[in-house]
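Just below is one structure, and these are the notes that go with it.
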Amino acid sequence: MIYITRKASFNAAHKLSRPDWTEEENTAVYGKCANPNWHGHNYQLYVTVKGEINPETGFLVDLKWLKDITNTAVVDKIDHRNLNLDVDFMKGKLASTENLAIAIWDELKPLIEESEAQLHCIKIYETENNFVEYFG
């Protein structure tokens, strides 16, 4: 089995806030991330797929194909958007990086399964020091 990863970048705004909590409760739990005027990040997304090398092509998947489905299904929908307000697959979810990783997995998994590969991991760097990995 071989693993291959494609990196993508996007910028997005969000706010960590529960609508059923007061502003004070949200600030106590989420700190600056509960800013009523939002805040943003320069995210780095890593999509890792796994499987066997195709003996005819010599690779697991065409990386242009992986780039295209990642852009179409995810990056084009979230880049320079508000995760809380603008992104269909984040509707009704707290816009944490953890929930974002799971939502991206759910968007990409059926598309990747149409190939010979399997989705192995979604990794999202929210900042230089903080990242989330999700393995399904």
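Please note that chains go A, B, ... in the order of the structure tokens, that every chain numbers its residues from 1, and that ligands are numbered from 1 in the order shown.
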
Using DSSP assignments from the backbone, pull out every residue in chain A that falls under strand (DSSP E or B) and give it to me as a PyMOL selection string. chain A and resi 2-14+39-51+81-82+118-125+131-134

Can you check which parts of stretch 65-85 of chain A lie within 8 Å of stretch 108-119 of chain A? Per residue, the shortest pair of atoms and distance in Å to one decimal, counting only C-alpha atoms, sorted by chain and number, as a Markdown table.
| residue | atom | partner | partner_atom | distance |
| --- | --- | --- | --- | --- |
| A:Ile69 | CA | A:Leu111 | CA | 7.4 |
| A:Thr70 | CA | A:Leu108 | CA | 7.1 |
| A:Ala73 | CA | A:Leu108 | CA | 6.9 |
| A:Val74 | CA | A:Leu108 | CA | 7.9 |

The selected residues should be written to file as a PDB file, in the first residue's frame (atoms: C-alpha atoms).
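Resulting contents of part_22.pdb:
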ATOM      1  CA  ILE A  69     -11.860  17.216  -7.032  1.00  0.00           C
ATOM      2  CA  THR A  70     -10.410  18.847  -3.905  1.00  0.00           C
ATOM      3  CA  ALA A  73     -15.747  19.893  -3.811  1.00  0.00           C
ATOM      4  CA  VAL A  74     -13.998  21.899  -1.088  1.00  0.00           C
TER       5      VAL A  74
END

Check the DSSP output for the backbone and give back, as JSON, numbers by chain, the residues of stretch 17-80 of chain A in alpha helix (DSSP H). {"A": [23, 24, 25, 26, 27, 28, 29, 30, 63, 64, 65, 66, 67, 68, 69, 70, 76, 77, 78]}

Give me the residues within 12 Å of stretch 1-4 of chain A as an MDAnalysis selection string, counting only C-alpha atoms and dropping any in the same chain fewer than 6 places off. chainID A and resid 46:54 58:63 66:67 116:122

Compare A:Trp38, A:Phe10, A:Trp21, A:Tyr30 by their minimum atom-to-atom distance to A:Tyr125, counting only C-alpha atoms, and give me the closest one.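 Smallest distance to A:Tyr125 is found for A:Phe10.
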
So that I can see what lies close to A:His80, please list as a ChimeraX atom specification the residues with an atom at most 9 Å from it, counting only C-alpha atoms and leaving out residues fewer than 6 positions away in the same chain. /A:10-13

Keeping only N, CA and C atoms, take the residues you just selected and write them out as a CSV table (one decimal), in the first residue's frame.
chain,number,residue,atom,x,y,z
A,10,PHE,N,-6.3,27.7,1.6
A,10,PHE,CA,-7.5,28.5,1.5
A,10,PHE,C,-7.5,29.5,2.7
A,11,ASN,N,-8.2,30.6,2.5
A,11,ASN,CA,-8.4,31.6,3.5
A,11,ASN,C,-9.9,31.6,3.9
A,12,ALA,N,-10.2,31.6,5.1
A,12,ALA,CA,-11.6,31.7,5.5
A,12,ALA,C,-11.8,32.3,6.9
A,13,ALA,N,-13.0,32.9,7.1
A,13,ALA,CA,-13.3,33.5,8.3
A,13,ALA,C,-14.3,32.6,9.1

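Interatomic distance, atom CA of A:Ala28 to atom CA of A:Ala101: 24.2 Å.
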
Quote the spacing between atom CA of A:Asn71 and atom CA of A:Phe89 in Å to one decimal place. 14.4 Å

Residue with the minimum atom-to-atom distance to A:Lys123, picked from A:Glu23, A:Asp106, A:Glu98, A:Asp68 with only C-alpha atoms counted, is A:Glu98

Point out the residue among A:Glu107, A:Leu83, A:Asp88, A:Thr5 with the least atom-to-atom distance to A:His39, counting only C-alpha atoms.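 Of all the options, A:Leu83 lies closest to A:His39.
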
Could you tell me how far atom CA of A:Lys91 sits from atom CA of A:Tyr43, in Å to one decimal place?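 Going from atom CA of A:Tyr43 over to atom CA of A:Lys91, I get 19.2 Å.
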
If you count only C-alpha atoms, which residues fall within 8 Å of A:Ala95, apart from same-chain ones fewer than 6 positions away, as an MDAnalysis selection string? chainID A and resid 14:16 83:84

Those same residues, written as an mmCIF file, in the first residue's frame with N, CA and C atoms?
data_model
loop_
_atom_site.group_PDB
_atom_site.id
_atom_site.type_symbol
_atom_site.label_atom_id
_atom_site.label_comp_id
_atom_site.auth_asym_id
_atom_site.auth_seq_id
_atom_site.Cartn_x
_atom_site.Cartn_y
_atom_site.Cartn_z
ATOM 1 N N HIS A 14 -14.304 32.692 10.376
ATOM 2 C CA HIS A 14 -15.270 31.939 11.174
ATOM 3 C C HIS A 14 -15.374 32.551 12.556
ATOM 4 N N LYS A 15 -16.327 32.035 13.308
ATOM 5 C CA LYS A 15 -16.507 32.421 14.703
ATOM 6 C C LYS A 15 -16.922 31.172 15.445
ATOM 7 N N LEU A 16 -16.279 30.933 16.570
ATOM 8 C CA LEU A 16 -16.703 29.834 17.434
ATOM 9 C C LEU A 16 -17.704 30.397 18.428
ATOM 10 N N LEU A 83 -17.054 30.511 7.070
ATOM 11 C CA LEU A 83 -17.428 29.110 7.298
ATOM 12 C C LEU A 83 -18.791 28.987 7.968
ATOM 13 N N ASN A 84 -19.143 29.938 8.823
ATOM 14 C CA ASN A 84 -20.419 29.889 9.525
ATOM 15 C C ASN A 84 -21.605 30.222 8.622
#
